[in-house]
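Participant: Pasting in a structure now, in structure tokens, and then I'll have a few things to ask.
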Amino acid sequence: MKAMSISEPGGPEVLTLSEVSTPTPSAHEVLIKVAAAGVNRPDCLQRQGLYPLPPGASPLPGLEIAGEVVECGANVTQWRTGERVIALTHGGGYAEYCVANEGHCLPWPEALGTAEAAAVAETSFTVQSNLFTRAGLTAGERVLIHGGSSGIGATAIQLAKLSGAWVATTAGSDEKCEFCTALGADLAINYKTNDWLATLTEAVGESAINVVFDMVAGPYVMKNVKALAEDGRYSMIAFLLGPKVDVNFAPILTKRLCVTGSTLRPQSIEKKTQIRDSVQAEVWPHVESGALKIPIFRTFALAEAAAAHTLMESSQHMGKIVLEVV
């Protein structure tokens with residue numbers, strides 16, 4: 001089969017269209033003929049040699065796909081050949097065929113086109129597990145979502161609004177802020193032209209945020225702690241501005257804050273199946289009804305994966321970037 005391989009750690013140019021062996025599904029895996037694959041920042045980190053592969057992961061990039069089941073492992077009970085599915089993968093999505101655990105697949109809703117279907121798994125799993133299961137966002141609370149125009153940010157804004165929360169977000173341009181507002185954000189702050197904490201405080205008061213959903217970290221950490229209300233929850237999912245920072249832990253104690261975080265790919269098969277079940281119960285009804293939109297910024301052919309990574313790393317996109325395989 002054709003697949004995008006990483007010839008060596010480096011820039012987007014190291015992504016190479018190659019002929020590789022088609023994977024064989026294990027007992028609880030399905031083999032999927034890939035229609036399209038989502039592009040995500042962990043793919044870029046893997047390409048750069050900065051994302052160590054978990055045990056058993058494919059060396060090929062690609063963490064989410066949409067396609068058709070063409071073969072089932074010996075013990076698969078949840079899917080049959082010919083069914084269209086959306087899958088969270090353990091790598092290998094940038095290819096004509098990819099395997100996925102049966103418990104990490106979801107039915108492909110009729111309402112979703114190919115690009116949308118390929119772009120919903122990774123964001124849904126991440127937001128559901130971190131914003132709701134771990135951080136416990138509930139109706140009537142206030143949430144601050146950083147990186148609101150990213151794929152994860154766009155999903156987080158919408159699911160937070162659908163849950164009944166008040167949503168503030170940050171983004172890097174007025175156009176991106178307008179994008180976030182169109183998705184339902186109550187307040188969108190251009191962090192390049194405003195002090196986002198001062199603007200947020202002016203809108204809702206000091207220390208008035210119940211949940212912070214953060215992919216930035218670095219210098220944002222203490223500002224996030226300051227923004228949080230008593231009994232607030234701080235959920236970290238990435239460190240775009242770095243994982244190391246000086247932290248004053250006193251407000252964490254005095255305000256009784258909970259700080260949590262997780263990465264998705266290294267989690268166990270069983271844990272990711274639990275997240276899939278939660279996504280299917282809580283998120284999928286919004287996907288099937290069309291209430292949750294999957295904004296696609298641009299699609300590329302599989303062989304153009306380098307251009308897709310260049311766009312991803314430019315941070316000019318709003319929503320998701322997708323590779324069309326067939």
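We name chains A, B, ... following the order of the structure tokens; residues begin at 1 in each chain, and ligands are numbered from 1 as shown.
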Tell me, as a CSV table (one decimal) with N, CA and C atoms, in the first residue's frame, which residues lie within 9 Å of Val259 in chain A, counting only C-alpha atoms; anything in the same chain fewer than 6 positions away does not count.
Facilitator:
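See result.csv below for the written result:
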```csv
chain,number,residue,atom,x,y,z
A,135,ALA,N,-12.0,17.4,34.1
A,135,ALA,CA,-12.2,18.7,34.7
A,135,ALA,C,-13.6,18.9,35.1
A,232,GLY,N,-11.8,25.7,41.4
A,232,GLY,CA,-11.6,25.6,40.0
A,232,GLY,C,-10.8,24.4,39.6
A,233,ARG,N,-10.9,24.1,38.3
A,233,ARG,CA,-10.1,23.0,37.7
A,233,ARG,C,-9.3,23.5,36.5
A,234,TYR,N,-8.1,23.0,36.5
A,234,TYR,CA,-7.1,23.4,35.4
A,234,TYR,C,-6.7,22.2,34.7
A,235,SER,N,-7.1,22.1,33.4
A,235,SER,CA,-6.9,20.9,32.6
A,235,SER,C,-5.9,21.3,31.5
A,236,MET,N,-4.7,20.6,31.6
A,236,MET,CA,-3.6,20.8,30.6
A,236,MET,C,-3.6,19.7,29.6
A,252,ILE,N,-3.1,27.6,44.6
A,252,ILE,CA,-3.7,26.3,44.4
A,252,ILE,C,-4.2,25.8,45.7
```
Participant: Env of Gly184 in chain A: 10 Å cut, atoms = only C-alpha atoms, seq-sep filter 3 positions within chain, self excluded. Answer as a CSV table (one decimal) with N, CA, C and O atoms, in the first residue's frame.
Facilitator:
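Writing done, so here's around.csv:
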```
chain,number,residue,atom,x,y,z
A,154,ALA,N,-12.0,24.4,18.7
A,154,ALA,CA,-13.3,24.5,18.0
A,154,ALA,C,-14.3,23.5,18.6
A,154,ALA,O,-15.5,23.8,18.8
A,157,ILE,N,-15.1,24.6,22.4
A,157,ILE,CA,-16.1,25.7,22.4
A,157,ILE,C,-17.5,25.2,22.2
A,157,ILE,O,-18.4,25.5,23.0
A,158,GLN,N,-17.7,24.4,21.2
A,158,GLN,CA,-19.0,23.9,20.9
A,158,GLN,C,-19.6,23.0,22.0
A,158,GLN,O,-20.8,23.1,22.4
A,159,LEU,N,-18.8,22.0,22.4
A,159,LEU,CA,-19.3,21.1,23.4
A,159,LEU,C,-19.5,21.8,24.7
A,159,LEU,O,-20.5,21.4,25.5
A,160,ALA,N,-18.7,22.8,25.1
A,160,ALA,CA,-18.9,23.5,26.3
A,160,ALA,C,-20.3,24.3,26.2
A,160,ALA,O,-21.0,24.3,27.2
A,161,LYS,N,-20.5,24.9,25.1
A,161,LYS,CA,-21.8,25.6,24.9
A,161,LYS,C,-23.0,24.7,25.0
A,161,LYS,O,-24.0,25.0,25.6
A,162,LEU,N,-22.8,23.5,24.3
A,162,LEU,CA,-23.9,22.6,24.3
A,162,LEU,C,-24.2,22.0,25.7
A,162,LEU,O,-25.3,21.6,26.0
A,166,TRP,N,-20.7,28.9,30.1
A,166,TRP,CA,-20.3,30.2,29.5
A,166,TRP,C,-18.9,30.1,29.1
A,166,TRP,O,-18.1,29.6,29.8
A,167,VAL,N,-18.6,30.5,27.8
A,167,VAL,CA,-17.3,30.2,27.2
A,167,VAL,C,-16.5,31.4,26.9
A,167,VAL,O,-17.0,32.3,26.1
A,168,ALA,N,-15.3,31.5,27.4
A,168,ALA,CA,-14.3,32.5,26.9
A,168,ALA,C,-13.2,31.8,26.2
A,168,ALA,O,-12.9,30.6,26.6
A,178,GLU,N,-13.4,36.0,15.5
A,178,GLU,CA,-14.7,36.0,14.9
A,178,GLU,C,-15.1,34.5,14.6
A,178,GLU,O,-16.3,34.2,14.8
A,179,PHE,N,-14.1,33.7,14.2
A,179,PHE,CA,-14.4,32.3,14.0
A,179,PHE,C,-14.9,31.6,15.3
A,179,PHE,O,-15.9,30.9,15.3
A,180,CYS,N,-14.2,31.9,16.4
A,180,CYS,CA,-14.6,31.4,17.7
A,180,CYS,C,-16.0,31.8,18.1
A,180,CYS,O,-16.8,31.0,18.6
A,181,THR,N,-16.3,33.1,17.9
A,181,THR,CA,-17.6,33.6,18.3
A,181,THR,C,-18.7,33.0,17.4
A,181,THR,O,-19.8,32.7,18.0
A,187,LEU,N,-17.1,35.1,24.7
A,187,LEU,CA,-16.0,36.1,24.7
A,187,LEU,C,-14.8,35.5,24.0
A,187,LEU,O,-14.3,34.5,24.4
A,188,ALA,N,-14.3,36.2,23.0
A,188,ALA,CA,-13.1,35.8,22.2
A,188,ALA,C,-12.1,36.9,22.3
A,188,ALA,O,-12.4,38.0,21.9
```
Participant: Compile the contact shell of Arg47 in chain A as a list in words: residues with an atom at most 10 Å away, counting only C-alpha atoms, same-chain residues fewer than 3 positions apart removed.
Facilitator: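 Listed by chain and then number, they are Ser5, Ile6, Ser7, Glu8, Pro9, Gly10, Gly11, Pro12, Glu13, Val14, Leu15, Arg41, Pro42, Asp43, Cys44, Leu50, Tyr51, Pro59, Leu60, Pro61 and His309 of chain A.
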Participant: If you run DSSP on this backbone, which residues of range 152-323 of chain A come out as strand (DSSP E or B), and could you give them as a PyMOL selection string?
Facilitator: chain A and resi 166-171+187-190+209-214+228-236+258-261+296-301+320-323
Participant: Restrict the selected residues to N, CA, C and O atoms and save them as a compact mmCIF listing (two decimals), in the first residue's frame.
Facilitator:
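File selection_24.txt, as written:
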```txt
# COMPACT_ATOMS: atom_id res chain seq x y z
N TRP A 166 -20.74 28.95 30.09
CA TRP A 166 -20.34 30.23 29.50
C TRP A 166 -18.90 30.08 29.07
O TRP A 166 -18.05 29.59 29.82
N VAL A 167 -18.59 30.51 27.82
CA VAL A 167 -17.30 30.19 27.23
C VAL A 167 -16.52 31.44 26.86
O VAL A 167 -17.01 32.30 26.11
N ALA A 168 -15.29 31.55 27.37
CA ALA A 168 -14.32 32.54 26.91
C ALA A 168 -13.19 31.79 26.22
O ALA A 168 -12.87 30.65 26.58
N THR A 169 -12.58 32.42 25.23
CA THR A 169 -11.48 31.78 24.52
C THR A 169 -10.47 32.81 24.08
O THR A 169 -10.76 34.01 24.01
N THR A 170 -9.26 32.32 23.79
CA THR A 170 -8.21 33.18 23.25
C THR A 170 -7.83 32.68 21.86
O THR A 170 -7.87 31.47 21.59
N ALA A 171 -7.44 33.61 20.99
CA ALA A 171 -6.98 33.27 19.64
C ALA A 171 -6.06 34.39 19.16
O ALA A 171 -6.03 35.48 19.73
N LEU A 187 -17.07 35.12 24.67
CA LEU A 187 -16.03 36.13 24.68
C LEU A 187 -14.81 35.54 24.00
O LEU A 187 -14.32 34.48 24.39
N ALA A 188 -14.31 36.21 22.95
CA ALA A 188 -13.11 35.77 22.24
C ALA A 188 -12.10 36.90 22.29
O ALA A 188 -12.39 38.02 21.87
N ILE A 189 -10.91 36.62 22.80
CA ILE A 189 -9.89 37.65 23.07
C ILE A 189 -8.69 37.42 22.15
O ILE A 189 -8.10 36.32 22.15
N ASN A 190 -8.32 38.45 21.42
CA ASN A 190 -7.10 38.41 20.60
C ASN A 190 -5.92 38.64 21.53
O ASN A 190 -5.67 39.75 21.98
N ILE A 209 -13.39 32.11 36.86
CA ILE A 209 -13.46 31.01 35.90
C ILE A 209 -13.44 29.68 36.64
O ILE A 209 -12.60 29.45 37.51
N ASN A 210 -14.34 28.80 36.30
CA ASN A 210 -14.43 27.50 36.97
C ASN A 210 -13.48 26.46 36.38
O ASN A 210 -12.96 25.61 37.11
N VAL A 211 -13.29 26.51 35.05
CA VAL A 211 -12.43 25.54 34.38
C VAL A 211 -11.56 26.26 33.35
O VAL A 211 -12.06 27.08 32.58
N VAL A 212 -10.27 25.94 33.35
CA VAL A 212 -9.36 26.38 32.30
C VAL A 212 -8.95 25.15 31.49
O VAL A 212 -8.55 24.13 32.06
N PHE A 213 -9.05 25.26 30.17
CA PHE A 213 -8.68 24.19 29.24
C PHE A 213 -7.50 24.72 28.43
O PHE A 213 -7.66 25.61 27.60
N ASP A 214 -6.30 24.20 28.70
CA ASP A 214 -5.08 24.87 28.26
C ASP A 214 -4.18 23.96 27.42
O ASP A 214 -3.81 22.87 27.86
N LEU A 228 -8.73 31.46 37.85
CA LEU A 228 -9.62 30.43 38.38
C LEU A 228 -10.30 30.85 39.68
O LEU A 228 -9.69 31.47 40.55
N ALA A 229 -11.55 30.46 39.80
CA ALA A 229 -12.33 30.68 41.01
C ALA A 229 -11.99 29.62 42.05
O ALA A 229 -11.28 28.64 41.76
N GLU A 230 -12.49 29.78 43.24
CA GLU A 230 -12.34 28.74 44.25
C GLU A 230 -12.93 27.43 43.74
O GLU A 230 -13.97 27.42 43.08
N ASP A 231 -12.23 26.33 44.06
CA ASP A 231 -12.63 24.99 43.61
C ASP A 231 -12.57 24.86 42.09
O ASP A 231 -13.23 24.00 41.51
N GLY A 232 -11.77 25.71 41.45
CA GLY A 232 -11.61 25.63 40.00
C GLY A 232 -10.75 24.45 39.58
O GLY A 232 -10.02 23.85 40.38
N ARG A 233 -10.86 24.11 38.29
CA ARG A 233 -10.11 22.98 37.74
C ARG A 233 -9.30 23.46 36.55
O ARG A 233 -9.80 24.19 35.70
N TYR A 234 -8.06 23.02 36.49
CA TYR A 234 -7.12 23.43 35.45
C TYR A 234 -6.72 22.17 34.68
O TYR A 234 -6.04 21.30 35.21
N SER A 235 -7.15 22.09 33.42
CA SER A 235 -6.88 20.92 32.59
C SER A 235 -5.86 21.27 31.52
O SER A 235 -6.11 22.11 30.65
N MET A 236 -4.70 20.61 31.56
CA MET A 236 -3.64 20.82 30.57
C MET A 236 -3.64 19.68 29.56
O MET A 236 -3.71 18.50 29.94
N CYS A 258 -7.80 22.22 41.46
CA CYS A 258 -7.41 20.89 40.99
C CYS A 258 -6.71 21.06 39.65
O CYS A 258 -7.27 21.64 38.72
N VAL A 259 -5.47 20.58 39.55
CA VAL A 259 -4.70 20.65 38.32
C VAL A 259 -4.58 19.24 37.76
O VAL A 259 -4.13 18.32 38.45
N THR A 260 -5.00 19.08 36.50
CA THR A 260 -4.96 17.76 35.89
C THR A 260 -4.48 17.87 34.46
O THR A 260 -4.40 18.96 33.90
N GLY A 261 -4.13 16.75 33.87
CA GLY A 261 -3.69 16.75 32.49
C GLY A 261 -3.56 15.33 31.98
O GLY A 261 -3.51 14.38 32.77
N ILE A 296 -13.66 22.47 8.59
CA ILE A 296 -12.49 22.03 7.83
C ILE A 296 -11.85 23.25 7.18
O ILE A 296 -12.50 23.96 6.40
N PHE A 297 -10.58 23.50 7.49
CA PHE A 297 -9.89 24.66 6.91
C PHE A 297 -9.38 24.34 5.52
O PHE A 297 -9.54 25.14 4.59
N ARG A 298 -8.76 23.17 5.35
CA ARG A 298 -8.23 22.80 4.04
C ARG A 298 -7.98 21.31 3.98
O ARG A 298 -7.66 20.68 4.99
N THR A 299 -8.15 20.74 2.80
CA THR A 299 -7.81 19.35 2.56
C THR A 299 -6.63 19.26 1.58
O THR A 299 -6.45 20.13 0.73
N PHE A 300 -5.84 18.21 1.73
CA PHE A 300 -4.70 17.93 0.86
C PHE A 300 -4.78 16.48 0.41
O PHE A 300 -5.34 15.63 1.12
N ALA A 301 -4.17 16.17 -0.71
CA ALA A 301 -3.99 14.77 -1.10
C ALA A 301 -2.96 14.13 -0.16
O ALA A 301 -2.13 14.82 0.43
N LYS A 320 -9.84 22.27 11.19
CA LYS A 320 -9.03 21.08 10.94
C LYS A 320 -8.41 21.05 9.55
O LYS A 320 -8.92 21.62 8.60
N ILE A 321 -7.29 20.34 9.47
CA ILE A 321 -6.57 20.05 8.22
C ILE A 321 -6.70 18.55 8.00
O ILE A 321 -6.50 17.75 8.92
N VAL A 322 -6.98 18.15 6.75
CA VAL A 322 -7.28 16.75 6.46
C VAL A 322 -6.53 16.30 5.22
O VAL A 322 -6.38 17.07 4.25
N LEU A 323 -6.08 15.03 5.23
CA LEU A 323 -5.50 14.39 4.05
C LEU A 323 -6.54 13.49 3.42
O LEU A 323 -7.11 12.62 4.11
```
Participant: Could you give me, as a short mmCIF file (atom, residue, chain, number, x, y, z; two decimals) with all heavy atoms, in the first residue's frame, the residues within 12 Å of Gly91 in chain A, counting only C-alpha atoms and dropping anything in the same chain fewer than 6 positions from it?
Facilitator:
```
data_model
loop_
_atom_site.label_atom_id
_atom_site.label_comp_id
_atom_site.auth_asym_id
_atom_site.auth_seq_id
_atom_site.Cartn_x
_atom_site.Cartn_y
_atom_site.Cartn_z
N ALA A 3 1.81 4.88 1.59
CA ALA A 3 1.73 5.52 2.90
C ALA A 3 2.79 6.62 2.97
O ALA A 3 3.78 6.59 2.22
CB ALA A 3 1.97 4.50 4.02
N MET A 4 2.56 7.56 3.87
CA MET A 4 3.55 8.61 4.11
C MET A 4 4.47 8.18 5.24
O MET A 4 4.04 8.04 6.39
CB MET A 4 2.86 9.93 4.45
CG MET A 4 2.02 10.52 3.33
SD MET A 4 2.91 10.77 1.77
CE MET A 4 4.16 11.96 2.27
N SER A 5 5.73 7.96 4.91
CA SER A 5 6.72 7.56 5.89
C SER A 5 7.54 8.77 6.33
O SER A 5 7.62 9.78 5.63
CB SER A 5 7.66 6.50 5.30
OG SER A 5 6.94 5.35 4.89
N PRO A 23 -0.92 -3.45 6.81
CA PRO A 23 -0.94 -4.07 8.15
C PRO A 23 -1.98 -5.19 8.24
O PRO A 23 -2.98 -5.20 7.51
CB PRO A 23 -1.31 -2.90 9.07
CG PRO A 23 -2.02 -1.93 8.20
CD PRO A 23 -1.40 -2.05 6.84
N ALA A 37 -7.67 11.14 6.44
CA ALA A 37 -7.02 11.13 7.75
C ALA A 37 -6.87 12.56 8.25
O ALA A 37 -6.52 13.46 7.48
CB ALA A 37 -5.64 10.48 7.66
N GLY A 38 -7.12 12.77 9.53
CA GLY A 38 -6.92 14.08 10.13
C GLY A 38 -5.45 14.34 10.40
O GLY A 38 -4.67 13.42 10.64
N VAL A 39 -5.07 15.62 10.34
CA VAL A 39 -3.71 16.05 10.65
C VAL A 39 -3.73 16.75 12.00
O VAL A 39 -4.56 17.64 12.23
CB VAL A 39 -3.18 17.01 9.56
CG1 VAL A 39 -1.78 17.53 9.92
CG2 VAL A 39 -3.15 16.30 8.20
N ASN A 40 -2.82 16.35 12.89
CA ASN A 40 -2.79 16.89 14.24
C ASN A 40 -1.37 17.23 14.66
O ASN A 40 -0.40 16.69 14.11
CB ASN A 40 -3.39 15.87 15.22
CG ASN A 40 -4.86 15.60 14.94
OD1 ASN A 40 -5.71 16.42 15.26
ND2 ASN A 40 -5.16 14.45 14.33
N PRO A 42 0.45 16.37 17.23
CA PRO A 42 1.32 15.25 17.57
C PRO A 42 1.98 14.59 16.36
O PRO A 42 3.08 14.05 16.47
CB PRO A 42 0.38 14.29 18.30
CG PRO A 42 -0.66 15.17 18.89
CD PRO A 42 -0.88 16.25 17.88
N ASP A 43 1.32 14.64 15.19
CA ASP A 43 1.94 14.12 13.97
C ASP A 43 3.20 14.91 13.64
O ASP A 43 4.22 14.34 13.23
CB ASP A 43 0.98 14.21 12.79
CG ASP A 43 -0.36 13.52 13.01
OD1 ASP A 43 -0.42 12.64 13.90
OD2 ASP A 43 -1.32 13.85 12.31
N GLN A 46 5.92 13.99 16.10
CA GLN A 46 6.49 12.69 15.75
C GLN A 46 7.46 12.83 14.58
O GLN A 46 8.55 12.25 14.58
CB GLN A 46 5.37 11.71 15.39
CG GLN A 46 5.89 10.33 15.00
CD GLN A 46 4.78 9.34 14.68
OE1 GLN A 46 3.65 9.48 15.16
NE2 GLN A 46 5.07 8.36 13.85
N ARG A 47 7.08 13.60 13.59
CA ARG A 47 7.94 13.82 12.41
C ARG A 47 9.26 14.47 12.82
O ARG A 47 10.32 14.19 12.27
CB ARG A 47 7.20 14.72 11.41
CG ARG A 47 7.86 14.88 10.06
CD ARG A 47 7.46 16.21 9.44
NE ARG A 47 8.09 17.33 10.11
CZ ARG A 47 7.44 18.43 10.52
NH1 ARG A 47 6.13 18.55 10.39
NH2 ARG A 47 8.12 19.41 11.11
N TYR A 51 8.31 13.08 19.69
CA TYR A 51 7.16 12.38 20.26
C TYR A 51 7.50 10.88 20.27
O TYR A 51 7.24 10.18 19.30
CB TYR A 51 5.91 12.65 19.43
CG TYR A 51 4.58 12.31 20.10
CD1 TYR A 51 3.63 13.29 20.32
CD2 TYR A 51 4.29 11.02 20.52
CE1 TYR A 51 2.42 12.99 20.92
CE2 TYR A 51 3.09 10.71 21.13
CZ TYR A 51 2.15 11.70 21.32
OH TYR A 51 0.96 11.39 21.93
N PRO A 52 8.12 10.39 21.35
CA PRO A 52 8.48 8.97 21.40
C PRO A 52 7.25 8.08 21.21
O PRO A 52 6.20 8.31 21.80
CB PRO A 52 9.06 8.80 22.81
CG PRO A 52 9.48 10.18 23.21
CD PRO A 52 8.49 11.11 22.56
N LEU A 53 7.40 7.06 20.37
CA LEU A 53 6.27 6.19 20.10
C LEU A 53 5.97 5.29 21.29
O LEU A 53 6.88 4.66 21.85
CB LEU A 53 6.56 5.32 18.87
CG LEU A 53 6.72 6.04 17.54
CD1 LEU A 53 6.96 5.02 16.43
CD2 LEU A 53 5.50 6.89 17.22
N PRO A 54 4.69 5.19 21.70
CA PRO A 54 4.33 4.22 22.73
C PRO A 54 4.53 2.80 22.22
O PRO A 54 4.56 2.57 21.00
CB PRO A 54 2.84 4.51 22.98
CG PRO A 54 2.58 5.85 22.37
CD PRO A 54 3.54 5.98 21.24
N PRO A 55 4.65 1.83 23.10
CA PRO A 55 4.81 0.44 22.67
C PRO A 55 3.66 0.01 21.74
O PRO A 55 2.50 0.28 22.01
CB PRO A 55 4.77 -0.35 23.98
CG PRO A 55 5.23 0.63 25.01
CD PRO A 55 4.71 1.96 24.57
N GLY A 56 4.03 -0.63 20.65
CA GLY A 56 3.04 -1.16 19.72
C GLY A 56 2.49 -0.18 18.72
O GLY A 56 1.69 -0.55 17.86
N ALA A 57 2.91 1.08 18.78
CA ALA A 57 2.39 2.10 17.87
C ALA A 57 3.02 1.97 16.50
O ALA A 57 4.18 1.58 16.35
CB ALA A 57 2.65 3.49 18.43
N SER A 58 2.26 2.32 15.46
CA SER A 58 2.79 2.35 14.11
C SER A 58 3.80 3.47 13.98
O SER A 58 3.61 4.56 14.51
CB SER A 58 1.65 2.56 13.11
OG SER A 58 2.17 2.84 11.81
N PRO A 59 4.91 3.24 13.26
CA PRO A 59 5.86 4.32 13.02
C PRO A 59 5.35 5.35 12.01
O PRO A 59 5.94 6.42 11.87
CB PRO A 59 7.09 3.59 12.48
CG PRO A 59 6.54 2.36 11.83
CD PRO A 59 5.36 1.96 12.68
N LEU A 60 4.26 5.03 11.32
CA LEU A 60 3.67 5.97 10.38
C LEU A 60 2.83 7.00 11.14
O LEU A 60 2.18 6.66 12.13
CB LEU A 60 2.78 5.25 9.36
CG LEU A 60 3.43 4.18 8.51
CD1 LEU A 60 2.38 3.48 7.65
CD2 LEU A 60 4.53 4.75 7.64
N PRO A 61 2.80 8.25 10.72
CA PRO A 61 1.97 9.25 11.40
C PRO A 61 0.50 9.06 11.07
O PRO A 61 0.12 8.34 10.13
CB PRO A 61 2.49 10.58 10.83
CG PRO A 61 3.03 10.22 9.47
CD PRO A 61 3.58 8.84 9.60
N GLY A 62 -0.35 9.72 11.86
CA GLY A 62 -1.79 9.69 11.60
C GLY A 62 -2.56 9.04 12.72
O GLY A 62 -2.51 7.82 12.90
N LEU A 63 -3.32 9.87 13.50
CA LEU A 63 -3.99 9.39 14.70
C LEU A 63 -5.50 9.29 14.58
O LEU A 63 -6.17 8.87 15.52
CB LEU A 63 -3.65 10.33 15.87
CG LEU A 63 -2.18 10.43 16.23
CD1 LEU A 63 -1.96 11.47 17.33
CD2 LEU A 63 -1.63 9.07 16.66
N GLU A 64 -6.06 9.68 13.43
CA GLU A 64 -7.52 9.58 13.26
C GLU A 64 -7.83 9.43 11.78
O GLU A 64 -7.20 10.03 10.92
CB GLU A 64 -8.22 10.82 13.82
CG GLU A 64 -7.79 12.13 13.19
CD GLU A 64 -8.49 13.35 13.77
OE1 GLU A 64 -9.46 13.19 14.54
OE2 GLU A 64 -8.06 14.48 13.44
N ILE A 65 -8.83 8.58 11.51
CA ILE A 65 -9.19 8.27 10.13
C ILE A 65 -10.70 8.06 10.00
O ILE A 65 -11.42 7.90 10.99
CB ILE A 65 -8.48 7.00 9.61
CG1 ILE A 65 -8.83 5.78 10.51
CG2 ILE A 65 -6.97 7.20 9.54
CD1 ILE A 65 -8.32 4.46 9.99
N TYR A 97 -4.36 1.97 4.00
CA TYR A 97 -5.02 1.05 4.94
C TYR A 97 -4.41 1.27 6.32
O TYR A 97 -3.22 1.59 6.46
CB TYR A 97 -4.82 -0.41 4.53
CG TYR A 97 -5.51 -0.78 3.24
CD1 TYR A 97 -4.86 -0.62 2.02
CD2 TYR A 97 -6.82 -1.27 3.23
CE1 TYR A 97 -5.48 -0.95 0.83
CE2 TYR A 97 -7.46 -1.59 2.04
CZ TYR A 97 -6.78 -1.43 0.85
OH TYR A 97 -7.41 -1.75 -0.34
N CYS A 98 -5.24 1.09 7.34
CA CYS A 98 -4.78 1.29 8.72
C CYS A 98 -5.57 0.36 9.64
O CYS A 98 -6.76 0.13 9.41
CB CYS A 98 -5.01 2.75 9.12
SG CYS A 98 -4.44 3.18 10.79
N VAL A 99 -4.91 -0.14 10.68
CA VAL A 99 -5.62 -0.95 11.67
C VAL A 99 -6.01 -0.08 12.86
O VAL A 99 -5.35 0.92 13.17
CB VAL A 99 -4.78 -2.15 12.16
CG1 VAL A 99 -4.57 -3.15 11.05
CG2 VAL A 99 -3.45 -1.69 12.74
N ALA A 100 -7.09 -0.45 13.51
CA ALA A 100 -7.53 0.22 14.73
C ALA A 100 -8.19 -0.81 15.63
O ALA A 100 -8.82 -1.76 15.15
CB ALA A 100 -8.51 1.35 14.41
N ASN A 101 -8.06 -0.62 16.93
CA ASN A 101 -8.75 -1.49 17.86
C ASN A 101 -10.26 -1.31 17.69
O ASN A 101 -10.74 -0.19 17.49
CB ASN A 101 -8.34 -1.15 19.29
CG ASN A 101 -8.95 -2.09 20.31
OD1 ASN A 101 -10.08 -1.89 20.75
ND2 ASN A 101 -8.22 -3.12 20.67
N GLU A 122 -10.05 12.48 17.08
CA GLU A 122 -9.03 12.91 18.02
C GLU A 122 -9.50 14.08 18.88
O GLU A 122 -9.26 14.11 20.10
CB GLU A 122 -7.76 13.28 17.25
CG GLU A 122 -6.49 13.33 18.09
CD GLU A 122 -6.19 14.72 18.61
OE1 GLU A 122 -6.85 15.69 18.17
OE2 GLU A 122 -5.30 14.85 19.46
N LEU A 264 -3.34 11.48 25.07
CA LEU A 264 -4.27 10.44 24.65
C LEU A 264 -3.58 9.18 24.15
O LEU A 264 -3.90 8.07 24.57
CB LEU A 264 -5.19 11.01 23.56
CG LEU A 264 -6.31 10.10 23.03
CD1 LEU A 264 -7.24 9.68 24.16
CD2 LEU A 264 -7.09 10.85 21.93
N ARG A 265 -2.60 9.35 23.27
CA ARG A 265 -2.03 8.19 22.58
C ARG A 265 -1.43 7.13 23.50
O ARG A 265 -1.64 5.94 23.28
CB ARG A 265 -0.98 8.67 21.57
CG ARG A 265 -0.52 7.58 20.60
CD ARG A 265 0.47 8.15 19.60
NE ARG A 265 0.76 7.23 18.53
CZ ARG A 265 1.64 7.47 17.56
NH1 ARG A 265 2.30 8.61 17.54
NH2 ARG A 265 1.86 6.57 16.61
N PRO A 266 -0.69 7.49 24.57
CA PRO A 266 -0.06 6.45 25.39
C PRO A 266 -1.02 5.69 26.30
O PRO A 266 -0.61 4.71 26.93
CB PRO A 266 0.95 7.25 26.25
CG PRO A 266 1.09 8.57 25.59
CD PRO A 266 -0.24 8.83 24.97
#
```
Participant: For Lys176 in chain A, which of A:Ser18, A:Ser289, A:Thr155, A:Gln316 is the closest residue, counting only C-alpha atoms?
Facilitator: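 Looking only at the distances to Lys176 in chain A, the closest residue turns out to be A:Gln316.
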Participant: Which residues come within 7 Å of Leu302 in chain A, counting only C-alpha atoms, excluding same-chain residues fewer than 6 positions away, as a PyMOL selection string?
Facilitator: chain A and resi 94+323-325
Participant: Would you save the residues of that selection, restricted to C-alpha atoms, as a PDB file, in the first residue's frame?
Facilitator:
```
ATOM      1  CA  TYR A  94      -1.438   8.522   6.659  1.00  0.00           C
ATOM      2  CA  LEU A 323      -5.504  14.394   4.054  1.00  0.00           C
ATOM      3  CA  GLU A 324      -7.756  12.817   1.420  1.00  0.00           C
ATOM      4  CA  VAL A 325      -6.559   9.309   0.673  1.00  0.00           C
TER       5      VAL A 325
END
```
Participant: Can you tell me which residues surround Phe239 in chain A at a distance of at most 10 Å, considering only C-alpha atoms, apart from same-chain residues fewer than 2 positions away, and format the answer as a ChimeraX atom specification?
Facilitator: /A:214-218,220,236-237,241-244
Participant: Kindly give the distance, in Å, that separates CA of Arg80 in chain A and CA of Pro109 in chain A, rounded to a single decimal.
Facilitator: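 Result for CA of Arg80 in chain A versus CA of Pro109 in chain A: 16.2 Å, one decimal.
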Participant: In Å, how far is it from CA of Ser26 in chain A to CA of Thr81 in chain A?
Facilitator: 15.0 Å
Participant: Just to confirm, what's the straight-line distance from CA of Leu257 in chain A to CA of Gln128 in chain A in Å (one decimal)?
Facilitator: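 The value is 20.3 Å.
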Participant: Can you work out which one of A:Ser314, A:Ser21, A:Ser163, A:Ser129 has the shortest atom-to-atom distance to Ala291 in chain A, counting only C-alpha atoms?
Facilitator: A:Ser163
